[in-house]
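Here's protein05.cif, which has mmCIF, C-alpha atoms and all ligand atoms:
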```cif
data_query
loop_
_atom_site.label_atom_id
_atom_site.label_comp_id
_atom_site.auth_asym_id
_atom_site.auth_seq_id
_atom_site.Cartn_x
_atom_site.Cartn_y
_atom_site.Cartn_z
CA MET G 1 -9.90 -17.17 7.72
CA ASP G 2 -8.15 -13.95 6.85
CA ILE G 3 -7.15 -12.50 10.21
CA ASN G 4 -5.33 -9.65 8.49
CA ALA G 5 -8.51 -8.50 6.78
CA LYS G 6 -10.58 -9.02 9.97
CA PHE G 7 -8.14 -6.81 11.89
CA HIS G 8 -8.34 -4.08 9.26
CA ALA G 9 -12.13 -4.17 8.99
CA LEU G 10 -12.45 -3.78 12.76
CA ARG G 11 -9.64 -1.30 13.34
CA PHE G 12 -10.23 1.01 10.36
CA LYS G 13 -14.03 1.05 10.07
CA ASP G 14 -14.14 4.66 8.80
CA PHE G 15 -12.03 3.92 5.76
CA TYR G 16 -14.28 0.97 4.89
CA LYS G 17 -17.36 3.20 5.08
CA ARG G 18 -15.70 5.84 2.93
CA VAL G 19 -14.75 3.33 0.23
CA SER G 20 -18.36 2.23 -0.15
CA HIS G 21 -19.35 5.89 -0.66
CA SER G 22 -16.43 6.90 -2.91
CA LYS G 23 -17.66 8.48 -6.13
CA SER G 24 -14.59 8.60 -8.35
CA LEU G 25 -11.30 6.78 -8.82
CA LYS G 26 -9.54 9.90 -7.52
CA ASP G 27 -11.62 9.70 -4.33
CA TYR G 28 -10.90 6.02 -4.06
CA GLY G 29 -7.13 6.54 -4.49
CA ASP G 30 -7.19 9.22 -1.77
CA ILE G 31 -8.99 6.89 0.65
CA LEU G 32 -6.46 4.11 0.00
CA ALA G 33 -3.61 6.58 0.56
CA GLY G 34 -5.19 7.72 3.86
CA PHE G 35 -5.60 4.12 4.94
CA GLU G 36 -1.99 3.32 4.05
CA GLU G 37 -0.72 6.18 6.18
CA ALA G 38 -2.97 5.41 9.14
CA SER G 39 -2.32 1.66 9.09
CA ARG G 40 1.46 2.10 8.80
CA LYS G 41 1.46 4.00 12.11
CA VAL G 42 -0.70 1.36 13.79
CA TYR G 43 1.49 -1.52 12.57
CA SER G 44 4.65 0.13 13.72
CA GLU G 45 3.25 0.82 17.20
CA ASN G 46 1.88 -2.72 17.53
CA ASN G 47 5.11 -4.26 16.27
CA ARG G 48 7.16 -2.27 18.77
CA GLY G 49 4.82 -3.59 21.48
CA VAL G 50 5.20 -7.26 20.42
CA VAL G 51 9.00 -6.92 20.69
CA VAL G 52 8.56 -6.20 24.43
CA ASP G 53 5.75 -8.79 24.86
CA LYS G 54 2.94 -6.22 24.90
CA PRO G 55 -0.24 -7.61 23.28
CA PRO G 56 -1.01 -5.91 19.94
CA GLU G 57 -4.35 -4.09 19.48
CA LEU G 58 -7.44 -6.31 19.12
CA LEU G 59 -5.53 -9.45 20.08
CA SER G 60 -8.38 -10.84 22.20
CA GLU G 61 -10.93 -10.04 19.45
CA MET G 62 -8.81 -11.89 16.87
CA LEU G 63 -8.35 -14.82 19.27
CA ASP G 64 -12.12 -14.99 19.82
CA ILE G 65 -12.66 -15.22 16.05
CA ILE G 66 -10.17 -18.10 15.82
CA LEU G 67 -11.46 -19.94 18.91
CA LYS G 68 -15.07 -19.68 17.70
CA ALA G 69 -14.10 -22.16 14.95
CA LYS G 70 -13.05 -24.65 17.69
CA PRO G 71 -9.73 -25.54 16.05
CA ASP G 72 -7.60 -28.60 16.85
CA ILE G 73 -4.69 -27.03 15.00
CA VAL G 74 -4.22 -23.48 13.77
CA ALA G 75 -2.10 -23.11 10.63
CA PHE G 76 -0.66 -19.68 9.84
CA SER G 77 0.21 -18.62 6.32
CA ILE G 78 2.85 -15.89 6.61
CA VAL G 79 3.37 -13.99 3.40
CA TYR G 80 5.07 -10.78 4.57
CA SER G 81 7.74 -10.43 7.27
CA SER G 82 5.63 -7.79 9.00
CA GLN G 83 3.00 -10.49 9.71
CA CYS G 84 5.49 -12.30 11.99
CA PHE G 85 4.74 -9.80 14.79
CA TYR G 86 1.02 -10.43 15.12
CA THR G 87 1.46 -14.14 14.34
CA ARG G 88 3.92 -14.49 17.18
CA ALA G 89 1.43 -12.94 19.63
CA LEU G 90 -1.37 -15.24 18.38
CA ILE G 91 0.81 -18.38 18.55
CA ASP G 92 1.84 -17.60 22.13
CA GLU G 93 -1.79 -17.17 23.23
CA LEU G 94 -3.07 -20.25 21.38
CA LYS G 95 -0.31 -22.40 22.84
CA LYS G 96 -1.27 -21.24 26.33
CA GLN G 97 -4.73 -22.65 25.59
CA GLY G 98 -3.24 -26.00 24.49
CA ILE G 99 -3.94 -25.50 20.76
CA GLY G 100 -1.24 -26.71 18.37
CA CYS G 101 0.07 -24.26 15.80
CA VAL G 102 1.86 -24.74 12.49
CA ALA G 103 3.12 -22.17 10.02
CA GLY G 104 4.19 -21.90 6.39
CA GLY G 105 4.62 -19.35 3.64
CA PRO G 106 7.43 -17.33 2.14
CA ALA G 107 8.00 -15.09 5.18
CA VAL G 108 8.30 -17.77 7.89
CA ASN G 109 11.47 -16.97 9.81
CA SER G 110 13.72 -18.60 12.40
CA LYS G 111 11.81 -17.00 15.30
CA ILE G 112 8.52 -18.52 14.14
CA ARG G 113 10.33 -21.88 13.64
CA GLU G 114 11.38 -21.74 17.31
CA ARG G 115 7.72 -21.47 18.34
CA CYS G 116 5.96 -24.01 16.12
CA THR G 117 6.31 -26.62 13.40
CA CYS G 118 6.87 -25.00 10.00
CA LEU G 119 5.94 -26.76 6.77
CA ASN G 120 6.98 -26.22 3.16
CA ASN G 121 3.85 -26.93 1.16
CA GLU G 122 0.22 -28.02 1.27
CA VAL G 123 1.03 -31.73 1.03
CA GLU G 124 3.25 -31.50 4.10
CA LEU G 125 0.35 -29.73 5.86
CA LEU G 126 -2.07 -32.54 4.97
CA ASP G 127 0.47 -35.13 6.11
CA PHE G 128 0.93 -33.25 9.37
CA ILE G 129 -2.81 -33.23 10.04
CA LEU G 130 -3.29 -36.85 8.99
CA SER G 131 -0.40 -37.98 11.18
CA ARG G 132 -2.61 -37.15 14.15
CA PHE G 133 -5.24 -39.65 13.00
CA LYS G 134 -3.71 -43.12 12.92
CA ASP G 135 -5.93 -46.15 12.21
CA GLU G 136 -6.05 -49.31 14.44
CA LYS G 137 -2.91 -50.70 12.78
CA GLY G 138 -1.11 -47.46 13.57
CA ASP G 139 -1.01 -46.50 9.89
CA VAL G 140 -1.43 -42.92 8.84
CA PRO G 141 -4.16 -42.58 6.20
CA LYS G 142 -3.12 -40.91 2.96
CA ILE G 143 -6.15 -39.42 1.32
CA PHE G 144 -4.77 -36.74 -0.93
CA LYS G 145 -4.31 -37.25 -4.64
CA GLY G 146 -1.73 -35.49 -6.76
CA SER G 147 1.98 -35.11 -6.84
CA GLU G 148 4.58 -34.71 -4.17
CA PHE G 149 3.91 -30.96 -3.90
CA CYS G 150 0.33 -30.34 -4.88
CA CYS G 151 -2.85 -31.87 -3.45
CA ARG G 152 -5.05 -30.34 -6.19
CA ILE G 153 -7.63 -28.85 -3.92
CA THR G 154 -9.02 -25.74 -5.58
CA ALA G 155 -9.63 -22.61 -3.56
CA ASP G 156 -13.00 -20.96 -4.10
CA PHE G 157 -12.58 -18.10 -1.60
CA SER G 158 -16.04 -18.80 -0.16
CA ASP G 159 -14.66 -18.72 3.42
CA TYR G 160 -13.83 -15.04 3.11
CA ASP G 161 -16.21 -12.20 3.87
CA LYS G 162 -16.14 -9.65 1.03
CA ASP G 163 -16.89 -6.84 3.49
CA ASP G 164 -13.56 -7.48 5.24
CA TYR G 165 -11.66 -6.11 2.24
CA LEU G 166 -10.94 -2.46 1.59
CA SER G 167 -11.47 -2.71 -2.14
CA LYS G 168 -14.08 -1.35 -4.52
CA GLU G 169 -14.24 -4.72 -6.30
CA MET G 170 -13.21 -8.24 -5.40
CA ILE G 171 -9.67 -9.13 -6.51
CA ILE G 172 -8.45 -12.67 -5.86
CA PRO G 173 -4.77 -13.61 -5.49
CA LEU G 174 -3.69 -16.86 -7.16
CA LYS G 175 -0.35 -18.55 -7.66
CA THR G 176 0.13 -20.78 -10.72
CA SER G 177 3.59 -22.09 -9.80
CA SER G 178 5.56 -22.92 -6.69
CA SER G 179 8.52 -20.63 -7.30
CA CYS G 180 10.55 -18.85 -10.00
CA TYR G 181 11.91 -20.94 -12.86
CA TYR G 182 14.63 -18.38 -13.74
CA ARG G 183 16.44 -18.57 -10.37
CA GLN G 184 19.37 -16.35 -11.36
CA CYS G 185 18.97 -12.84 -9.94
CA ALA G 186 21.73 -12.36 -7.40
CA PHE G 187 19.71 -10.32 -4.87
CA CYS G 188 16.70 -12.65 -4.81
CA THR G 189 15.76 -15.32 -2.26
CA HIS G 190 12.33 -16.24 -3.62
CA TYR G 191 13.46 -19.43 -5.26
CA SER G 192 16.03 -20.77 -2.79
CA ALA G 193 13.99 -23.40 -0.95
CA ASP G 194 11.32 -24.40 -3.47
CA ARG G 195 11.47 -26.74 -6.41
CA TYR G 196 9.87 -25.18 -9.47
CA PHE G 197 6.46 -26.71 -10.01
CA GLU G 198 3.53 -25.57 -12.17
CA TYR G 199 0.03 -26.05 -10.84
CA ASP G 200 -2.66 -27.50 -13.09
CA LEU G 201 -4.38 -24.72 -15.03
CA HIS G 202 -7.72 -26.57 -14.82
CA ASP G 203 -7.58 -26.05 -11.05
CA ILE G 204 -6.69 -22.38 -11.47
CA LYS G 205 -9.63 -21.98 -13.85
CA GLU G 206 -11.98 -23.71 -11.42
CA SER G 207 -10.85 -21.40 -8.62
CA ILE G 208 -11.58 -18.30 -10.70
CA VAL G 209 -14.98 -19.59 -11.83
CA LYS G 210 -16.02 -20.67 -8.31
CA SER G 211 -14.88 -17.38 -6.76
CA GLU G 212 -16.96 -15.34 -9.26
CA ALA G 213 -14.22 -12.69 -9.11
CA LYS G 214 -13.69 -10.45 -12.11
CA ASN G 215 -10.13 -9.44 -11.16
CA VAL G 216 -7.28 -11.89 -10.75
CA PHE G 217 -3.90 -11.02 -9.26
CA PHE G 218 -1.35 -13.73 -10.17
CA ILE G 219 1.25 -13.56 -7.42
CA ASP G 220 3.82 -15.81 -9.13
CA ASP G 221 7.33 -14.40 -8.80
CA MET G 222 7.80 -14.90 -12.51
CA ILE G 223 6.04 -16.67 -15.40
CA SER G 224 7.67 -18.12 -18.54
CA LYS G 225 6.38 -17.15 -22.00
CA PRO G 226 4.86 -20.55 -22.89
CA ARG G 227 3.12 -20.67 -19.53
CA LEU G 228 1.92 -17.07 -19.90
CA LEU G 229 0.31 -17.91 -23.23
CA ALA G 230 -1.27 -21.05 -21.74
CA ILE G 231 -2.72 -18.94 -18.92
CA ALA G 232 -4.05 -16.42 -21.48
CA LYS G 233 -5.77 -19.22 -23.41
CA MET G 234 -7.28 -20.67 -20.23
CA ILE G 235 -8.48 -17.35 -18.85
CA LYS G 236 -9.81 -15.58 -21.98
CA PRO G 237 -13.30 -17.15 -21.94
CA LEU G 238 -13.71 -16.15 -18.28
CA LYS G 239 -13.71 -12.44 -19.18
CA VAL G 240 -11.68 -11.32 -16.17
CA LYS G 241 -8.96 -8.69 -15.81
CA TRP G 242 -5.59 -10.07 -14.68
CA TRP G 243 -2.18 -8.92 -13.42
CA CYS G 244 1.21 -10.63 -13.25
CA GLN G 245 4.94 -9.91 -13.01
CA LEU G 246 7.60 -10.67 -15.61
CA ARG G 247 11.19 -10.10 -16.69
CA PRO G 248 11.32 -7.71 -19.66
CA THR G 249 12.84 -9.99 -22.30
CA LYS G 250 12.34 -9.47 -26.03
CA ASP G 251 10.85 -12.93 -26.68
CA LEU G 252 7.59 -11.46 -25.34
CA ILE G 253 7.31 -8.91 -28.16
CA GLY G 254 4.60 -10.05 -30.55
CA SER G 255 2.43 -11.62 -27.82
CA PHE G 256 1.08 -8.56 -26.05
CA GLU G 257 -2.05 -8.13 -28.22
CA GLU G 258 -3.02 -11.74 -27.55
CA LEU G 259 -2.33 -11.30 -23.83
CA HIS G 260 -4.29 -8.05 -23.60
CA ASP G 261 -7.14 -9.64 -25.51
CA SER G 262 -7.30 -12.37 -22.85
CA GLY G 263 -7.79 -9.75 -20.11
CA LEU G 264 -4.17 -9.05 -19.11
CA ALA G 265 -4.51 -5.45 -17.91
CA VAL G 266 -1.38 -4.81 -15.84
CA LEU G 267 2.20 -6.06 -16.04
CA ALA G 268 4.79 -5.46 -13.33
CA TRP G 269 8.28 -5.62 -14.79
CA GLY G 270 11.54 -6.49 -13.04
CA VAL G 271 13.49 -3.72 -14.78
CA GLU G 272 15.77 -3.10 -11.74
CA SER G 273 18.26 -0.83 -13.54
CA GLY G 274 18.71 1.21 -16.71
CA ASN G 275 22.41 0.42 -16.78
CA GLN G 276 23.70 -2.69 -18.56
CA ARG G 277 26.68 -3.27 -16.27
CA VAL G 278 24.38 -3.33 -13.21
CA LEU G 279 21.93 -5.67 -14.99
CA ASN G 280 24.84 -8.00 -15.74
CA LEU G 281 26.02 -7.88 -12.12
CA ILE G 282 22.50 -8.81 -10.99
CA LYS G 283 22.42 -11.58 -13.63
CA LYS G 284 19.02 -10.34 -14.70
CA GLY G 285 19.44 -11.75 -18.21
CA THR G 286 17.94 -8.60 -19.77
CA LYS G 287 19.20 -5.86 -22.10
CA VAL G 288 18.47 -2.15 -21.70
CA GLU G 289 17.46 -1.66 -25.35
CA ASP G 290 15.22 -4.76 -25.27
CA MET G 291 13.49 -3.54 -22.11
CA GLU G 292 12.58 -0.29 -23.87
CA SER G 293 11.05 -2.18 -26.83
CA VAL G 294 9.19 -4.51 -24.47
CA LEU G 295 7.67 -1.64 -22.46
CA ARG G 296 6.69 0.12 -25.68
CA ALA G 297 5.07 -3.02 -27.17
CA SER G 298 3.19 -3.79 -23.95
CA HIS G 299 1.96 -0.18 -23.69
CA ASP G 300 0.93 -0.09 -27.36
CA ALA G 301 -1.14 -3.22 -26.81
CA GLY G 302 -3.09 -1.39 -24.08
CA ILE G 303 -1.43 -2.95 -21.03
CA LYS G 304 -0.46 -0.78 -18.03
CA ASN G 305 3.21 -1.08 -17.08
CA ILE G 306 4.52 -1.04 -13.52
CA VAL G 307 8.31 -0.84 -13.38
CA TYR G 308 10.29 -2.24 -10.42
CA LEU G 309 13.62 -0.51 -9.82
CA LEU G 310 16.35 -1.63 -7.44
CA PHE G 311 18.77 1.05 -6.28
CA GLY G 312 22.11 0.47 -4.56
CA PHE G 313 22.98 -3.00 -5.87
CA PRO G 314 26.62 -3.49 -4.71
CA ILE G 315 29.13 -1.32 -6.55
CA GLU G 316 26.44 0.57 -8.48
CA THR G 317 27.84 4.07 -9.02
CA LYS G 318 25.97 7.39 -8.95
CA ASP G 319 26.33 7.64 -12.73
CA GLU G 320 24.74 4.22 -13.10
CA PHE G 321 21.91 5.30 -10.80
CA LEU G 322 21.43 8.30 -13.12
CA ASP G 323 21.25 5.94 -16.12
CA THR G 324 18.18 4.40 -14.45
CA ILE G 325 16.64 7.83 -13.96
CA ASP G 326 17.30 8.56 -17.65
CA PHE G 327 15.74 5.22 -18.56
CA ILE G 328 12.43 6.02 -16.86
CA LYS G 329 12.43 9.56 -18.29
CA ARG G 330 13.07 8.23 -21.81
CA ASN G 331 10.26 5.70 -21.43
CA ASP G 332 7.88 7.95 -19.51
CA GLY G 333 5.13 7.50 -22.10
CA CYS G 334 5.11 3.70 -21.62
CA ILE G 335 5.34 3.60 -17.80
CA ASP G 336 2.27 3.90 -15.56
CA LEU G 337 3.90 3.46 -12.16
CA VAL G 338 7.45 3.29 -10.79
CA SER G 339 8.07 1.09 -7.77
CA THR G 340 11.48 1.51 -6.17
CA SER G 341 13.39 -0.42 -3.53
CA ILE G 342 16.86 -0.24 -2.02
CA PHE G 343 19.13 -3.29 -2.11
CA GLY G 344 19.34 -5.20 1.17
CA LEU G 345 21.56 -8.17 1.91
CA GLN G 346 19.24 -11.18 2.26
CA LYS G 347 20.37 -14.47 3.74
CA GLY G 348 20.25 -17.19 1.07
CA SER G 349 20.79 -14.87 -1.92
CA LYS G 350 23.76 -15.31 -4.26
CA VAL G 351 25.24 -12.02 -3.02
CA PHE G 352 25.01 -13.25 0.57
CA LYS G 353 26.68 -16.57 -0.27
CA GLU G 354 29.56 -14.97 -2.18
CA PRO G 355 29.88 -11.38 -0.94
CA CYS G 356 33.45 -10.91 -2.25
CA ALA G 357 32.35 -11.71 -5.80
CA PHE G 358 29.96 -8.74 -5.58
CA GLY G 359 32.40 -6.27 -3.99
CA ILE G 360 30.94 -6.60 -0.48
CA THR G 361 33.10 -6.57 2.64
CA GLY G 362 32.57 -6.31 6.38
CA VAL G 363 29.27 -8.16 6.63
CA GLU G 364 27.87 -7.89 10.16
CA SER G 365 24.73 -9.47 11.54
CA HIS G 366 22.48 -7.71 14.05
CA LYS G 367 20.09 -9.72 16.23
CA ARG G 368 16.38 -8.89 16.28
CA THR G 369 13.63 -10.18 18.55
CA VAL G 370 10.84 -11.04 16.10
CA LEU G 371 12.49 -10.84 12.70
CA ASP G 372 15.56 -12.70 11.45
CA ASP G 373 18.98 -11.09 11.88
CA ARG G 374 19.59 -7.94 9.86
CA PHE G 375 22.82 -7.68 7.87
CA THR G 376 24.91 -4.60 7.27
CA TYR G 377 27.89 -4.47 4.91
CA LYS G 378 30.42 -2.22 3.25
CA VAL G 379 31.07 -1.92 -0.47
CA GLU G 380 34.51 -1.82 -2.08
CA ARG G 381 33.34 1.03 -4.33
CA GLY G 382 30.16 2.63 -5.58
CA MET G 383 27.19 3.59 -3.40
CA ASP G 384 26.24 1.94 -0.11
CA SER G 385 22.54 1.69 0.87
CA GLU G 386 22.56 5.05 2.65
CA GLU G 387 23.91 6.79 -0.42
CA ALA G 388 21.41 4.97 -2.62
CA LYS G 389 18.59 6.17 -0.33
CA LYS G 390 19.88 9.74 -0.53
CA MET G 391 20.03 9.56 -4.32
CA ARG G 392 16.47 8.21 -4.44
CA ASN G 393 15.27 11.05 -2.22
CA ARG G 394 17.06 13.54 -4.40
CA TYR G 395 15.27 12.23 -7.50
CA ILE G 396 11.93 11.36 -5.93
CA LYS G 397 10.11 14.22 -7.68
CA THR G 398 11.36 13.00 -11.08
CA ILE G 399 10.27 9.46 -10.21
CA LYS G 400 6.83 10.56 -9.03
CA LYS G 401 6.32 12.65 -12.16
CA ILE G 402 6.38 9.45 -14.25
CA ASP G 403 3.45 7.88 -12.33
CA LYS G 404 0.04 7.90 -13.99
CA MET G 405 -1.57 5.74 -11.32
CA PRO G 406 -1.93 6.90 -7.70
CA ARG G 407 1.33 6.24 -5.88
CA VAL G 408 -0.49 4.26 -3.17
CA VAL G 409 -0.83 1.43 -5.71
CA ASN G 410 2.81 0.70 -4.85
CA ALA G 411 1.59 -0.49 -1.46
CA TYR G 412 -1.45 -2.37 -2.82
CA LYS G 413 -0.29 -3.52 -6.25
CA GLU G 414 -3.39 -5.59 -6.98
CA GLN G 415 -5.37 -2.33 -6.91
CA ALA G 416 -3.73 -1.38 -10.23
CA LEU G 417 -6.44 -3.56 -11.78
CA LEU G 418 -9.09 -1.08 -10.66
CA PHE G 419 -7.20 1.93 -12.07
CA CYS G 420 -7.15 0.64 -15.67
S1 LIG G 501 14.01 -11.52 -9.09
FE1 LIG G 501 12.26 -12.47 -10.07
S2 LIG G 501 13.06 -13.34 -11.98
FE2 LIG G 501 14.80 -12.94 -10.66
S3 LIG G 501 15.15 -14.89 -9.61
FE3 LIG G 501 13.86 -13.63 -8.27
S4 LIG G 501 11.78 -14.20 -8.74
FE4 LIG G 501 13.10 -14.96 -10.41
#
```

Take the structure I supplied and represent it as structure tokens, if you would.
Ligand code: SF4
Amino acid sequence: MDINAKFHALRFKDFYKRVSHSKSLKDYGDILAGFEEASRKVYSENNRGVVVDKPPELLSEMLDIILKAKPDIVAFSIVYSSQCFYTRALIDELKKQGIGCVAGGPAVNSKIRERCTCLNNEVELLDFILSRFKDEKGDVPKIFKGSEFCCRITADFSDYDKDDYLSKEMIIPLKTSSSCYYRQCAFCTHYSADRYFEYDLHDIKESIVKSEAKNVFFIDDMISKPRLLAIAKMIKPLKVKWWCQLRPTKDLIGSFEELHDSGLAVLAWGVESGNQRVLNLIKKGTKVEDMESVLRASHDAGIKNIVYLLFGFPIETKDEFLDTIDFIKRNDGCIDLVSTSIFGLQKGSKVFKEPCAFGITGVESHKRTVLDDRFTYKVERGMDSEEAKKMRNRYIKTIKKIDKMPRVVNAYKEQALLFC
């Protein structure tokens, strides 16, 4: 069950009603923006409450929904750090009722690990469940087929209630691989724990067909060119629109028509910076001039481009920041949405492991109650995060001027599929 969606459907009924009556895409974008603002306030109040052991809103309603299914074990999939707050409250209540909890997903943190068993993949989850059912000889049955990491059970999304989603059309999220194969970017932690593994495209196809969805949001961190073309071949006959994220490398030029023809409608690009020295520091493996040609070729093929920018990577200077601003201005015609973030020191990243190599000094950790420790640092030269934030604020009008899609799509990136 999707407790997130259940919470939203119950807590923000008005927005759901308004979406069903929205007449234009402009209307729809405005409703999403209103929802984003209202929900942000609610999350922050609830999260503050969880820190001091105050139950978040609708906790007993959400517990009732879970308990109605009479679970032996409740497994939580935690995708965003912000979900740790509500999950923690649910785990504490379920444990009081003697129900075992397990958790997994990219945003599981040390505080969740203290509360319940955390597992790395679906096979470990099956093993965990099966370990509770030993036969007379005391052996644990092994019923799953497949490899070490994948039990090849296809999702069909039939357990989810379409009315729980604030979306004009159904969009399904799917992952075609376990992690990122590139594994180089110095700020990134997405690949640290997982072995790279590609799921069978027959299973992905079956999921899409069974779901009957016409919009597919591939949530892979990154997809290689051969794999991208294999996905395009698999998906083309299904006549769906799809979205994925890539590194802007020039090997992709020449494939965009084929990709667009298969239904690829939106690409989110890890551009990060418009300055070559910063790209080299990040180890992005991209070139500024190639990125421009890639964005142009993708745009010319009819694909919408979302550009991710990272400001304040250690020792980035103000002039280098301005190179990025120039980059988006130069490529305005090929960019549909700019999505910015500020560098943060993440445990497990290359920068965290070797701070001196990246010009970082004075790393300090700060304890938090629900989330993992937060790290602050100083830089030998260039901008620190505060300065990077100030520079972003100073140029926010320029950044917003580039956007052709409603800015709220930055919060709900899958929605870009409905603005094409
Ligand atoms: S930023 Fe993207 S491409 Fe780079 S290592 Fe992380 S997931 Fe891979």

key: Which residue of G:Lys350, G:Arg394, G:Lys96, G:Lys413 approaches ligand LIG 501 (chain G) most closely, using all atoms listed in the file   = G:Lys350

Exercise answer, 12 Å around ligand LIG 501 (chain G) with all atoms listed in the file, as an MDAnalysis selection string = chainID G and resid 177:192 194 196 219:224 244:249 268:272 279 282:286 308:310 343 348:350

query = Looking at all atoms listed in the file, which of G:Lys239, G:Thr324, G:Lys68, G:Val307 is the one that sits closest to G:Ser273?
reply =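 That would be G:Thr324, the residue with the smallest distance to G:Ser273.
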
query = Which residue gives the smallest distance to G:Glu169 among G:Glu212, G:Glu198, G:Glu93, G:Asp290, with only C-alpha atoms counted?
reply =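 Closest residue, counting only C-alpha atoms: G:Glu212.
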
task = Calculate how many Å separate atom CA of G:Ala155 from atom CA of G:Ser211, rounding to one decimal.
result =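 Interatomic distance, atom CA of G:Ala155 to atom CA of G:Ser211: 8.1 Å.
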
ask   = From the list G:Glu320, G:Asp326, G:Asp72, G:Asp200, which residue is nearest G:Gly98 when using all atoms listed in the file?
value = G:Asp72

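The nearest approach to G:Gln415 among the residues G:Leu32, G:Ala357, G:Val363, G:Ile253, with only C-alpha atoms taken into account, belongs to G:Leu32.
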
Among listed residues G:Ser293, G:Ser385, G:Asn109, G:Gln346, nearest G:Arg88 (using only C-alpha atoms) = G:Asn109

Return the padded bounding box of stretch 201-220 of chain G as AutoDock Vina command-line options: axis-aligned, built from all atoms listed in the file, 6 Å added on each side, with centre and edge lengths in Å to one decimal.
```
--center_x -6.6 --center_y -18.0 --center_z -10.9 --size_x 32.8 --size_y 29.1 --size_z 20.3
```

Student task, stretch 75-117 of chain G output with C-alpha atoms as a PDB file, in the first residue's frame:
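For reference, part_18.pdb as written:
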```pdb
ATOM      1  CA  ALA G  75       7.909  -3.681   5.336  1.00  0.00           C
ATOM      2  CA  PHE G  76       8.602   0.007   4.707  1.00  0.00           C
ATOM      3  CA  SER G  77      10.121   1.251   1.488  1.00  0.00           C
ATOM      4  CA  ILE G  78      11.801   4.574   2.269  1.00  0.00           C
ATOM      5  CA  VAL G  79      12.696   6.544  -0.817  1.00  0.00           C
ATOM      6  CA  TYR G  80      13.141  10.085   0.521  1.00  0.00           C
ATOM      7  CA  SER G  81      14.777  11.127   3.809  1.00  0.00           C
ATOM      8  CA  SER G  82      11.672  13.132   4.698  1.00  0.00           C
ATOM      9  CA  GLN G  83       9.719   9.839   4.881  1.00  0.00           C
ATOM     10  CA  CYS G  84      11.837   8.748   7.871  1.00  0.00           C
ATOM     11  CA  PHE G  85       9.738  10.969  10.177  1.00  0.00           C
ATOM     12  CA  TYR G  86       6.354   9.385   9.538  1.00  0.00           C
ATOM     13  CA  THR G  87       7.910   5.915   9.181  1.00  0.00           C
ATOM     14  CA  ARG G  88       9.485   6.229  12.603  1.00  0.00           C
ATOM     15  CA  ALA G  89       6.109   7.078  14.167  1.00  0.00           C
ATOM     16  CA  LEU G  90       4.442   4.121  12.390  1.00  0.00           C
ATOM     17  CA  ILE G  91       7.203   1.663  13.368  1.00  0.00           C
ATOM     18  CA  ASP G  92       6.962   2.694  17.030  1.00  0.00           C
ATOM     19  CA  GLU G  93       3.177   2.161  17.076  1.00  0.00           C
ATOM     20  CA  LEU G  94       3.283  -1.149  15.184  1.00  0.00           C
ATOM     21  CA  LYS G  95       5.978  -2.502  17.488  1.00  0.00           C
ATOM     22  CA  LYS G  96       3.819  -1.620  20.497  1.00  0.00           C
ATOM     23  CA  GLN G  97       1.175  -3.896  18.965  1.00  0.00           C
ATOM     24  CA  GLY G  98       3.699  -6.736  18.554  1.00  0.00           C
ATOM     25  CA  ILE G  99       3.973  -6.443  14.750  1.00  0.00           C
ATOM     26  CA  GLY G 100       7.443  -6.910  13.272  1.00  0.00           C
ATOM     27  CA  CYS G 101       8.756  -4.206  10.967  1.00  0.00           C
ATOM     28  CA  VAL G 102      11.462  -4.211   8.312  1.00  0.00           C
ATOM     29  CA  ALA G 103      12.673  -1.406   6.082  1.00  0.00           C
ATOM     30  CA  GLY G 104      14.609  -0.871   2.868  1.00  0.00           C
ATOM     31  CA  GLY G 105      15.133   1.698   0.150  1.00  0.00           C
ATOM     32  CA  PRO G 106      17.657   4.385  -0.689  1.00  0.00           C
ATOM     33  CA  ALA G 107      16.766   6.694   2.219  1.00  0.00           C
ATOM     34  CA  VAL G 108      16.961   4.198   5.098  1.00  0.00           C
ATOM     35  CA  ASN G 109      19.168   5.801   7.736  1.00  0.00           C
ATOM     36  CA  SER G 110      20.943   4.825  10.954  1.00  0.00           C
ATOM     37  CA  LYS G 111      17.959   5.879  13.105  1.00  0.00           C
ATOM     38  CA  ILE G 112      15.618   3.539  11.219  1.00  0.00           C
ATOM     39  CA  ARG G 113      18.268   0.776  11.480  1.00  0.00           C
ATOM     40  CA  GLU G 114      18.184   1.188  15.278  1.00  0.00           C
ATOM     41  CA  ARG G 115      14.436   0.494  15.258  1.00  0.00           C
ATOM     42  CA  CYS G 116      14.063  -2.425  12.845  1.00  0.00           C
ATOM     43  CA  THR G 117      15.808  -4.859  10.527  1.00  0.00           C
TER      44      THR G 117
END
```
